[in-house]
>>> print(open('start_34.tsv').read())   # TSV, C-alpha atoms
chain	number	residue	atom	x	y	z
A	1	MET	CA	18.46	-5.40	10.08
A	2	GLY	CA	17.80	-9.12	10.29
A	3	LYS	CA	14.98	-11.47	11.09
A	4	ASN	CA	15.10	-10.62	14.79
A	5	LYS	CA	14.20	-7.03	13.99
A	6	ARG	CA	11.35	-8.16	11.79
A	7	LYS	CA	9.83	-10.36	14.49
A	8	SER	CA	10.50	-8.19	17.52
A	9	GLY	CA	8.44	-5.31	18.83
A	10	MET	CA	9.12	-1.80	17.70
A	11	SER	CA	11.92	0.05	19.47
A	12	GLY	CA	10.50	3.48	18.82
A	13	LEU	CA	9.44	5.89	16.12
A	14	SER	CA	12.09	6.74	13.57
A	15	SER	CA	11.46	9.79	11.43
A	16	PHE	CA	12.34	9.18	7.81
A	17	VAL	CA	13.29	12.49	6.23
A	18	LEU	CA	13.78	12.34	2.48
A	19	GLU	CA	15.57	15.67	2.26
A	20	SER	CA	18.10	14.28	-0.16
A	21	PHE	CA	15.23	13.11	-2.35
A	22	ARG	CA	13.95	16.65	-2.57
A	23	ASN	CA	17.38	18.17	-3.20
A	24	ASP	CA	18.55	15.68	-5.77
A	25	THR	CA	18.44	16.96	-9.30
A	26	ALA	CA	17.93	13.55	-10.87
A	27	THR	CA	14.86	13.30	-13.06
A	28	ALA	CA	12.63	10.34	-13.85
A	29	SER	CA	13.32	8.74	-17.18
A	30	SER	CA	9.73	9.37	-18.29
A	31	SER	CA	9.46	12.90	-16.94
A	32	THR	CA	11.40	16.15	-16.97
A	33	GLU	CA	10.32	17.07	-13.44
A	34	PRO	CA	12.04	15.90	-10.24
A	35	ILE	CA	10.22	13.57	-7.88
A	36	GLN	CA	8.21	15.65	-5.46
A	37	PRO	CA	6.30	14.88	-2.26
A	38	VAL	CA	2.59	15.49	-2.63
A	39	PRO	CA	1.61	19.07	-1.63
A	40	GLU	CA	-0.33	19.54	1.57
A	41	PRO	CA	-4.09	20.21	1.32
A	42	GLU	CA	-5.47	23.30	3.02
A	43	GLN	CA	-5.43	23.17	6.79
A	44	SER	CA	-8.61	22.97	8.81
A	45	THR	CA	-9.36	24.94	11.96
A	46	GLU	CA	-11.25	22.08	13.65
A	47	GLU	CA	-10.06	20.91	17.07
A	48	PRO	CA	-7.91	17.75	17.03
A	49	ALA	CA	-9.01	14.47	18.49
A	50	HIS	CA	-6.62	12.10	20.21
A	51	LYS	CA	-6.29	8.39	19.61
A	52	LYS	CA	-3.91	5.89	21.14
A	53	GLN	CA	-1.67	4.32	18.52
A	54	LYS	CA	0.54	1.26	18.41
A	55	ILE	CA	3.65	3.44	18.03
A	56	GLY	CA	3.53	6.60	20.13
A	57	SER	CA	1.10	9.45	19.56
A	58	GLU	CA	1.00	11.77	16.61
A	59	ASN	CA	3.55	14.56	17.17
A	60	GLY	CA	3.61	13.55	20.83
A	61	LYS	CA	1.96	16.71	22.08
A	62	LYS	CA	-1.37	18.36	22.66
A	63	GLY	CA	-2.93	20.07	19.67
A	64	SER	CA	-1.65	17.60	17.09
A	65	HIS	CA	-2.48	18.45	13.49
A	66	ARG	CA	-5.33	15.96	13.20
A	67	HIS	CA	-7.02	17.83	10.34
A	68	ARG	CA	-3.90	19.26	8.77
A	69	TYR	CA	-4.27	17.00	5.74
A	70	ASP	CA	-8.03	17.25	5.31
A	71	ALA	CA	-8.77	16.49	1.65
A	72	SER	CA	-12.55	16.53	1.96
A	73	GLY	CA	-12.92	18.84	-1.03
A	74	LEU	CA	-11.38	16.35	-3.46
A	75	VAL	CA	-13.99	13.57	-3.44
A	76	PRO	CA	-17.28	12.97	-1.61
A	77	HIS	CA	-17.47	11.12	1.68
A	78	TYR	CA	-20.55	8.92	1.41
A	79	GLU	CA	-22.66	7.99	4.42
A	80	ASN	CA	-25.84	6.90	2.62
A	81	ALA	CA	-26.07	4.27	-0.09
A	82	SER	CA	-28.35	6.55	-2.11
A	83	GLU	CA	-25.41	8.91	-2.63
A	84	VAL	CA	-23.04	6.29	-4.01
A	85	PRO	CA	-22.56	5.73	-7.77
A	86	GLU	CA	-23.89	2.39	-8.96
A	87	GLN	CA	-20.45	0.96	-9.78
A	88	SER	CA	-19.31	1.52	-6.18
A	89	GLN	CA	-22.42	0.31	-4.35
A	90	LYS	CA	-21.12	-3.15	-3.45
A	91	TYR	CA	-17.85	-1.71	-2.17
A	92	PHE	CA	-19.65	0.91	-0.10
A	93	ALA	CA	-21.55	-1.90	1.63
A	94	GLN	CA	-18.15	-3.19	2.81
A	95	ARG	CA	-16.79	0.22	3.80
A	96	TYR	CA	-16.05	-0.74	7.42
A	97	ARG	CA	-14.11	-3.76	6.21
A	98	LEU	CA	-12.04	-1.44	4.06
A	99	PHE	CA	-11.53	1.17	6.80
A	100	SER	CA	-12.82	0.44	10.29
A	101	LEU	CA	-12.66	4.20	11.00
A	102	TYR	CA	-14.51	5.05	7.79
A	103	SER	CA	-17.03	7.32	9.55
A	104	LYS	CA	-14.64	8.92	12.03
A	105	PRO	CA	-14.67	12.68	11.29
A	106	PRO	CA	-13.87	14.02	8.82
A	107	GLY	CA	-14.42	10.57	7.26
A	108	CYS	CA	-12.21	8.34	5.11
A	109	LEU	CA	-12.08	9.24	1.43
A	110	LEU	CA	-11.83	6.99	-1.63
A	111	ASP	CA	-11.91	7.83	-5.31
A	112	ASP	CA	-13.52	5.53	-7.88
A	113	GLU	CA	-10.38	3.41	-8.20
A	114	GLY	CA	-9.83	3.34	-4.46
A	115	TRP	CA	-13.21	1.76	-3.79
A	116	PHE	CA	-12.37	-1.41	-5.70
A	117	SER	CA	-8.60	-1.51	-5.19
A	118	VAL	CA	-7.95	-0.72	-1.51
A	119	THR	CA	-6.89	-3.69	0.62
A	120	PRO	CA	-9.44	-4.54	3.37
A	121	GLU	CA	-8.08	-3.43	6.72
A	122	ARG	CA	-7.76	-6.85	8.38
A	123	ILE	CA	-5.84	-8.18	5.41
A	124	ALA	CA	-3.64	-5.07	5.35
A	125	ASN	CA	-2.88	-5.54	9.05
A	126	GLN	CA	-1.97	-9.19	8.50
A	127	ILE	CA	0.42	-8.28	5.68
A	128	ALA	CA	1.93	-5.48	7.77
A	129	GLU	CA	2.67	-7.88	10.60
A	130	ARG	CA	4.42	-10.23	8.19
A	131	CYS	CA	6.41	-7.31	6.73
A	132	ARG	CA	7.51	-5.88	10.08
A	133	CYS	CA	10.88	-4.17	9.48
A	134	ASP	CA	12.70	-0.86	9.66
A	135	THR	CA	12.00	0.66	6.23
A	136	ILE	CA	9.29	-0.47	3.81
A	137	LEU	CA	8.41	0.90	0.39
A	138	ASP	CA	4.77	0.73	-0.72
A	139	GLY	CA	5.16	1.10	-4.47
A	140	PHE	CA	1.49	1.66	-5.38
A	141	CYS	CA	-0.11	3.09	-2.26
A	142	GLY	CA	-3.46	4.19	-3.72
A	143	VAL	CA	-5.71	5.64	-1.01
A	144	GLY	CA	-3.46	4.36	1.76
A	145	GLY	CA	-4.92	1.16	3.18
A	146	ASN	CA	-1.64	-0.74	3.30
A	147	ALA	CA	0.54	2.28	4.10
A	148	ILE	CA	-1.58	2.98	7.19
A	149	ALA	CA	-1.08	-0.62	8.37
A	150	PHE	CA	2.66	-0.53	7.67
A	151	ALA	CA	3.00	2.65	9.74
A	152	GLN	CA	1.88	0.63	12.75
A	153	THR	CA	4.50	-2.12	12.39
A	154	CYS	CA	7.45	-0.50	10.59
A	155	ASN	CA	9.67	2.40	11.61
A	156	ARG	CA	9.73	4.01	8.17
A	157	VAL	CA	7.16	3.96	5.38
A	158	ILE	CA	7.69	5.40	1.91
A	159	ALA	CA	4.41	5.52	-0.01
A	160	LEU	CA	4.46	6.15	-3.77
A	161	ASP	CA	1.71	6.85	-6.25
A	162	ASN	CA	1.63	8.67	-9.57
A	163	SER	CA	-1.71	10.34	-8.76
A	164	PRO	CA	-1.61	13.52	-6.65
A	165	THR	CA	-5.28	13.03	-5.81
A	166	ARG	CA	-4.83	9.51	-4.46
A	167	LEU	CA	-1.77	10.61	-2.47
A	168	ALA	CA	-3.80	13.42	-0.88
A	169	LEU	CA	-6.57	10.94	-0.06
A	170	ALA	CA	-4.05	8.50	1.39
A	171	ARG	CA	-2.55	11.14	3.65
A	172	HIS	CA	-6.05	12.30	4.65
A	173	ASN	CA	-6.95	8.73	5.64
A	174	ALA	CA	-3.62	8.24	7.44
A	175	GLN	CA	-4.39	11.36	9.46
A	176	ILE	CA	-7.66	9.83	10.65
A	177	TYR	CA	-5.68	6.81	11.88
A	178	GLY	CA	-3.10	9.07	13.53
A	179	VAL	CA	-0.13	7.88	11.45
A	180	ALA	CA	0.28	10.55	8.76
A	181	ASP	CA	3.50	11.83	10.31
A	182	ARG	CA	5.07	8.36	10.00
A	183	ILE	CA	4.64	8.07	6.24
A	184	GLU	CA	6.55	9.91	3.52
A	185	PHE	CA	4.10	10.34	0.63
A	186	ILE	CA	5.86	10.86	-2.69
A	187	GLN	CA	4.27	11.46	-6.06
A	188	ALA	CA	6.35	9.39	-8.46
A	189	ASP	CA	6.23	6.72	-11.09
A	190	TYR	CA	7.43	3.55	-9.34
A	191	PHE	CA	9.64	2.37	-12.16
A	192	SER	CA	11.39	5.71	-12.62
A	193	PHE	CA	11.78	6.02	-8.86
A	194	ILE	CA	13.50	2.64	-8.58
A	195	GLN	CA	15.72	3.29	-11.57
A	196	SER	CA	16.73	6.81	-10.58
A	197	ARG	CA	20.13	7.54	-9.12
A	198	VAL	CA	18.31	9.07	-6.16
A	199	LEU	CA	17.48	5.59	-4.91
A	200	ARG	CA	20.56	3.78	-6.20
A	201	GLY	CA	22.92	6.30	-4.62
A	202	ASP	CA	21.16	6.66	-1.28
A	203	PRO	CA	22.87	4.67	1.51
A	204	ARG	CA	19.65	4.23	3.48
A	205	LYS	CA	18.42	0.68	3.17
A	206	ILE	CA	14.95	-0.35	2.06
A	207	ASP	CA	14.25	-3.65	3.80
A	208	VAL	CA	10.96	-4.66	2.18
A	209	ILE	CA	9.02	-3.68	-0.92
A	210	PHE	CA	5.27	-4.21	-1.03
A	211	LEU	CA	3.84	-4.53	-4.53
A	212	SER	CA	0.12	-4.12	-5.17
A	213	PRO	CA	0.09	-2.93	-8.78
A	214	PRO	CA	-3.09	-2.39	-10.83
A	215	TRP	CA	-4.60	-5.74	-11.77
A	216	GLY	CA	-6.67	-4.41	-14.65
A	217	GLY	CA	-9.71	-3.15	-12.75
A	218	PRO	CA	-12.77	-5.09	-11.48
A	219	GLY	CA	-13.00	-6.82	-14.86
A	220	HIS	CA	-10.05	-9.10	-14.10
A	221	LEU	CA	-12.52	-11.62	-12.62
A	222	ARG	CA	-15.45	-11.16	-15.00
A	223	ALA	CA	-14.44	-13.70	-17.58
A	224	VAL	CA	-15.75	-17.23	-17.09
A	225	ASP	CA	-13.71	-20.32	-17.83
A	226	GLN	CA	-14.58	-21.97	-21.13
A	227	THR	CA	-15.14	-25.31	-19.38
A	228	GLY	CA	-18.55	-24.03	-18.37
A	229	GLU	CA	-17.89	-24.82	-14.71
A	230	GLY	CA	-18.12	-21.16	-13.75
A	231	GLU	CA	-14.50	-20.91	-12.63
A	232	HIS	CA	-12.40	-17.84	-13.22
A	233	PRO	CA	-9.56	-18.30	-15.72
A	234	SER	CA	-6.02	-18.19	-14.43
A	235	TYR	CA	-4.66	-14.67	-13.95
A	236	ARG	CA	-1.36	-14.17	-15.76
A	237	LEU	CA	1.40	-11.83	-14.68
A	238	SER	CA	1.29	-10.32	-18.15
A	239	SER	CA	-2.04	-8.73	-17.11
A	240	VAL	CA	-0.36	-6.66	-14.37
A	241	GLN	CA	-0.27	-2.97	-15.28
A	242	PRO	CA	1.53	-0.93	-16.49
A	243	ILE	CA	4.34	-3.47	-17.20
A	244	HIS	CA	4.59	-7.25	-17.09
A	245	GLY	CA	4.39	-8.49	-13.52
A	246	ALA	CA	7.58	-10.53	-13.86
A	247	GLU	CA	9.53	-7.47	-14.98
A	248	LEU	CA	8.08	-5.49	-12.07
A	249	PHE	CA	9.31	-8.19	-9.70
A	250	ARG	CA	12.82	-8.29	-11.21
A	251	LEU	CA	13.11	-4.52	-10.97
A	252	SER	CA	12.12	-4.60	-7.31
A	253	ARG	CA	14.58	-7.36	-6.48
A	254	SER	CA	17.39	-5.07	-7.59
A	255	VAL	CA	16.66	-3.13	-4.40
A	256	THR	CA	15.85	-5.87	-1.88
A	257	PRO	CA	15.23	-9.64	-1.93
A	258	ASN	CA	12.31	-9.18	0.45
A	259	ILE	CA	9.18	-8.69	-1.64
A	260	ALA	CA	5.52	-9.04	-0.67
A	261	TYR	CA	3.51	-9.33	-3.90
A	262	PHE	CA	-0.26	-8.82	-3.59
A	263	LEU	CA	-2.09	-10.49	-6.47
A	264	PRO	CA	-5.55	-11.75	-7.52
A	265	ARG	CA	-6.78	-14.97	-5.96
A	266	ASN	CA	-6.72	-16.78	-9.30
A	267	THR	CA	-3.09	-15.94	-10.13
A	268	ASN	CA	-1.18	-18.67	-11.96
A	269	LEU	CA	0.98	-20.26	-9.26
A	270	ASN	CA	3.44	-21.74	-11.75
A	271	GLU	CA	4.39	-18.21	-12.76
A	272	ILE	CA	4.83	-17.26	-9.12
A	273	GLY	CA	7.12	-20.24	-8.58
A	274	GLU	CA	9.21	-19.22	-11.58
A	275	LEU	CA	9.80	-15.81	-10.01
A	276	ALA	CA	11.40	-17.42	-6.96
A	277	GLY	CA	13.94	-19.43	-8.94
A	278	GLU	CA	16.00	-21.57	-6.55
A	279	GLU	CA	14.47	-19.90	-3.49
A	280	LYS	CA	11.20	-20.73	-1.81
A	281	VAL	CA	8.11	-18.58	-2.10
A	282	GLU	CA	5.34	-18.57	0.48
A	283	VAL	CA	1.82	-17.98	-0.84
A	284	GLU	CA	-0.69	-16.79	1.72
A	285	GLU	CA	-4.42	-16.80	0.99
A	286	GLU	CA	-6.22	-13.69	2.15
A	287	TRP	CA	-9.80	-14.39	3.23
A	288	THR	CA	-12.63	-12.09	4.23
A	289	GLY	CA	-15.26	-14.22	5.94
A	290	ASN	CA	-15.79	-17.23	3.68
A	291	LYS	CA	-14.54	-15.48	0.54
A	292	LEU	CA	-11.00	-15.70	-0.79
A	293	LYS	CA	-10.02	-12.14	-1.75
A	294	ALA	CA	-6.40	-12.29	-2.90
A	295	LEU	CA	-2.99	-13.90	-2.54
A	296	THR	CA	0.10	-12.43	-0.90
A	297	CYS	CA	3.31	-13.99	-2.15
A	298	TYR	CA	6.29	-13.61	0.19
A	299	PHE	CA	9.80	-13.78	-1.27
A	300	GLY	CA	13.28	-13.65	0.24
A	301	GLY	CA	13.50	-13.36	4.00
A	302	LEU	CA	9.75	-12.83	4.32
A	303	ALA	CA	9.06	-16.49	3.50
A	304	VAL	CA	8.98	-18.92	6.41
A	305	GLY	CA	12.25	-20.84	6.58
A	306	GLN	CA	14.22	-18.19	4.72
A	307	GLU	CA	14.61	-15.62	7.48
A	308	HIS	CA	18.40	-15.78	7.00
A	309	LEU	CA	17.90	-13.98	3.65
A	310	PHE	CA	16.39	-10.93	5.34
>>> encode(input="start_34.tsv", output="structure tokens")
Amino acid sequence: MGKNKRKSGMSGLSSFVLESFRNDTATASSSTEPIQPVPEPEQSTEEPAHKKQKIGSENGKKGSHRHRYDASGLVPHYENASEVPEQSQKYFAQRYRLFSLYSKPPGCLLDDEGWFSVTPERIANQIAERCRCDTILDGFCGVGGNAIAFAQTCNRVIALDNSPTRLALARHNAQIYGVADRIEFIQADYFSFIQSRVLRGDPRKIDVIFLSPPWGGPGHLRAVDQTGEGEHPSYRLSSVQPIHGAELFRLSRSVTPNIAYFLPRNTNLNEIGELAGEEKVEVEEEWTGNKLKALTCYFGGLAVGQEHLF
């Protein structure tokens, strides 16, 4: 797997079966239970719809399980602003930027955290194009915005989250986009997953890791700079949750040099440069209309001019 693979078109759908993950008896350092894929929600009897995808068609046959992962009973699907809690109103107004198929039956689902943390679809698609590879690990998949995009540019997607609810919502949303069968959803703590012998001993290569850890909630931009100029203070990697952002990066680099790090728009760039060391890091601004939303920092072979490191 080199830079030619990353830039070329897809050669076909590769099914990533984590059977060894299920059979391995290794346990996470913070838990006594083995890592388990998220259980499937109850099946629906509704007729499937068909949608052309960038990589094949789901299951490749008539009667695909379009509503197999329907999680509609977990959280509400809002269609009217009057139904939406006050704290989510501004995000609901941007719902079609978050998921262009938001209203496609049975409707995309987001929990309270998902509303403010999901990556807008156009930005997710841009990142996915930059991360085109064989196998990608989405370490904090949330309600699935990035994982859905990755499933359209990468052969294999492993999507982790420590919340069974968010994993069910992510798979529900992936089903609406017709890519649920291309993503392996695993309920696991990212740090324990990386450190476990399951990953260290598995010969299958992970080419890219995408990191979009919790930034600290919507409040990470509420503070105003003390200069009185109304600017947001610099965001420090120490604010990344649940561990220091620099430690998260170092842990991920033990698996692959190719990291895409999604961070707040006001992140301290000196700290980002320190992460790269002697290498280059490419910082891409992610805009929605005339508003800067976030930064994506590309390390290793993902950075322009360093494709030989891929």
>>> atom_distance(input="start_34.tsv", atom1="atom CA of Trp115 of chain A", atom2="atom CA of Val143 of chain A")
8.9 Å
>>> closest_residue(input="start_34.tsv", among="A:Gly277, A:Arg265, A:Asn162, A:Phe210", to="Pro242 of chain A", atoms="only C-alpha atoms")
A:Asn162
>>> closest_residue(input="start_34.tsv", among="A:Asp134, A:Glu247, A:Glu83, A:Asp70", to="Ile176 of chain A", atoms="all atoms listed in the file")
A:Asp70
>>> atom_distance(input="start_34.tsv", atom1="atom CA of Asn146 of chain A", atom2="atom CA of Asn125 of chain A")
7.6 Å
>>> residues_around(input="start_34.tsv", residues="Pro76 of chain A", least_positions_apart="3", cutoff="12 Å", atoms="all atoms listed in the file", output="PyMOL selection string")
chain A and resi 71-73+79-80+83-85+106-112+169
>>> atom_distance(input="start_34.tsv", atom1="atom CA of Pro264 of chain A", atom2="atom CA of Val283 of chain A")
11.7 Å
>>> residues_around(input="start_34.tsv", residues="Ile243 of chain A", least_positions_apart="4", cutoff="10 Å", atoms="only C-alpha atoms", output="number ranges by chain")
A: 191, 213-214, 237-239, 247-248
>>> residues_around(input="start_34.tsv", residues="Leu137 of chain A", least_positions_apart="6", cutoff="12 Å", atoms="all atoms listed in the file", output="PyMOL selection string")
chain A and resi 16+128+131+146-147+150-151+154-161+183-186+190+193-194+199+205-212+252+255-256+258-260
>>> closest_residue(input="start_34.tsv", among="A:Gly217, A:Tyr69, A:Phe262, A:Asn173", to="Glu286 of chain A", atoms="all atoms listed in the file")
A:Phe262
>>> residues_around(input="start_34.tsv", residues="segment 278-281 of chain A", least_positions_apart="5", cutoff="12 Å", atoms="all atoms listed in the file", output="ChimeraX atom specification")
/A:257-261,269-273,296-309
>>> closest_residue(input="start_34.tsv", among="A:Ile136, A:Pro218, A:Tyr96, A:Ser82", to="Glu113 of chain A", atoms="all atoms listed in the file")
A:Pro218
>>> closest_residue(input="start_34.tsv", among="A:Arg171, A:Arg97, A:Arg182, A:Lys90", to="Thr135 of chain A", atoms="all atoms listed in the file")
A:Arg182
>>> axis_aligned_box(input="start_34.tsv", around="segment 155-172 of chain A", padding_each_side="3 Å", output="lines of an AutoDock Vina configuration file")
center_x = 1.6
center_y = 8.0
center_z = 1.0
size_x = 22.3
size_y = 17.1
size_z = 27.2
>>> closest_residue(input="start_34.tsv", among="A:Ser100, A:Ser117, A:Ser163, A:Thr153", to="Glu129 of chain A", atoms="all atoms listed in the file")
A:Thr153
>>> decode(input="start_34.tsv", residues="segment 110-127 of chain A", atoms="N, CA, C and O atoms", output="mmCIF file, in the first residue's frame")
data_model
loop_
_atom_site.group_PDB
_atom_site.id
_atom_site.type_symbol
_atom_site.label_atom_id
_atom_site.label_comp_id
_atom_site.auth_asym_id
_atom_site.auth_seq_id
_atom_site.Cartn_x
_atom_site.Cartn_y
_atom_site.Cartn_z
ATOM 1 N N LEU A 110 -29.399 11.564 15.410
ATOM 2 C CA LEU A 110 -28.287 12.131 16.166
ATOM 3 C C LEU A 110 -28.716 12.270 17.617
ATOM 4 O O LEU A 110 -29.846 12.681 17.903
ATOM 5 N N ASP A 111 -27.810 11.925 18.526
ATOM 6 C CA ASP A 111 -28.084 12.189 19.938
ATOM 7 C C ASP A 111 -27.616 13.602 20.261
ATOM 8 O O ASP A 111 -27.151 14.343 19.379
ATOM 9 N N ASP A 112 -27.732 14.009 21.516
ATOM 10 C CA ASP A 112 -27.381 15.379 21.883
ATOM 11 C C ASP A 112 -25.939 15.708 21.515
ATOM 12 O O ASP A 112 -25.643 16.783 20.987
ATOM 13 N N GLU A 113 -25.027 14.785 21.790
ATOM 14 C CA GLU A 113 -23.622 15.018 21.457
ATOM 15 C C GLU A 113 -23.396 15.019 19.959
ATOM 16 O O GLU A 113 -22.591 15.798 19.430
ATOM 17 N N GLY A 114 -24.100 14.159 19.254
ATOM 18 C CA GLY A 114 -23.942 14.070 17.813
ATOM 19 C C GLY A 114 -24.296 15.355 17.092
ATOM 20 O O GLY A 114 -23.654 15.722 16.104
ATOM 21 N N TRP A 115 -25.300 16.066 17.582
ATOM 22 C CA TRP A 115 -25.720 17.300 16.922
ATOM 23 C C TRP A 115 -24.590 18.312 16.841
ATOM 24 O O TRP A 115 -24.412 18.983 15.828
ATOM 25 N N PHE A 116 -23.804 18.449 17.906
ATOM 26 C CA PHE A 116 -22.748 19.464 17.863
ATOM 27 C C PHE A 116 -21.386 18.915 17.462
ATOM 28 O O PHE A 116 -20.470 19.692 17.177
ATOM 29 N N SER A 117 -21.237 17.595 17.410
ATOM 30 C CA SER A 117 -19.902 17.043 17.151
ATOM 31 C C SER A 117 -19.731 16.407 15.778
ATOM 32 O O SER A 117 -18.589 16.213 15.339
ATOM 33 N N VAL A 118 -20.805 16.068 15.078
ATOM 34 C CA VAL A 118 -20.661 15.397 13.788
ATOM 35 C C VAL A 118 -20.019 16.342 12.769
ATOM 36 O O VAL A 118 -20.288 17.545 12.756
ATOM 37 N N THR A 119 -19.157 15.791 11.926
ATOM 38 C CA THR A 119 -18.499 16.574 10.888
ATOM 39 C C THR A 119 -19.473 16.836 9.744
ATOM 40 O O THR A 119 -20.090 15.897 9.237
ATOM 41 N N PRO A 120 -19.644 18.094 9.306
ATOM 42 C CA PRO A 120 -20.507 18.368 8.152
ATOM 43 C C PRO A 120 -20.101 17.518 6.950
ATOM 44 O O PRO A 120 -18.915 17.262 6.723
ATOM 45 N N GLU A 121 -21.079 17.094 6.183
ATOM 46 C CA GLU A 121 -20.844 16.093 5.151
ATOM 47 C C GLU A 121 -19.800 16.510 4.118
ATOM 48 O O GLU A 121 -18.940 15.709 3.730
ATOM 49 N N ARG A 122 -19.844 17.740 3.645
ATOM 50 C CA ARG A 122 -18.875 18.157 2.628
ATOM 51 C C ARG A 122 -17.453 18.110 3.164
ATOM 52 O O ARG A 122 -16.516 17.747 2.445
ATOM 53 N N ILE A 123 -17.293 18.496 4.416
ATOM 54 C CA ILE A 123 -15.972 18.439 5.030
ATOM 55 C C ILE A 123 -15.539 16.982 5.197
ATOM 56 O O ILE A 123 -14.388 16.622 4.919
ATOM 57 N N ALA A 124 -16.466 16.128 5.643
ATOM 58 C CA ALA A 124 -16.157 14.706 5.800
ATOM 59 C C ALA A 124 -15.741 14.091 4.472
ATOM 60 O O ALA A 124 -14.800 13.285 4.409
ATOM 61 N N ASN A 125 -16.409 14.473 3.391
ATOM 62 C CA ASN A 125 -16.065 13.941 2.072
ATOM 63 C C ASN A 125 -14.681 14.410 1.623
ATOM 64 O O ASN A 125 -13.927 13.647 1.007
ATOM 65 N N GLN A 126 -14.357 15.667 1.930
ATOM 66 C CA GLN A 126 -13.034 16.186 1.579
ATOM 67 C C GLN A 126 -11.940 15.428 2.321
ATOM 68 O O GLN A 126 -10.916 15.041 1.749
ATOM 69 N N ILE A 127 -12.148 15.202 3.606
ATOM 70 C CA ILE A 127 -11.169 14.464 4.409
ATOM 71 C C ILE A 127 -11.042 13.034 3.896
ATOM 72 O O ILE A 127 -9.937 12.485 3.793
#
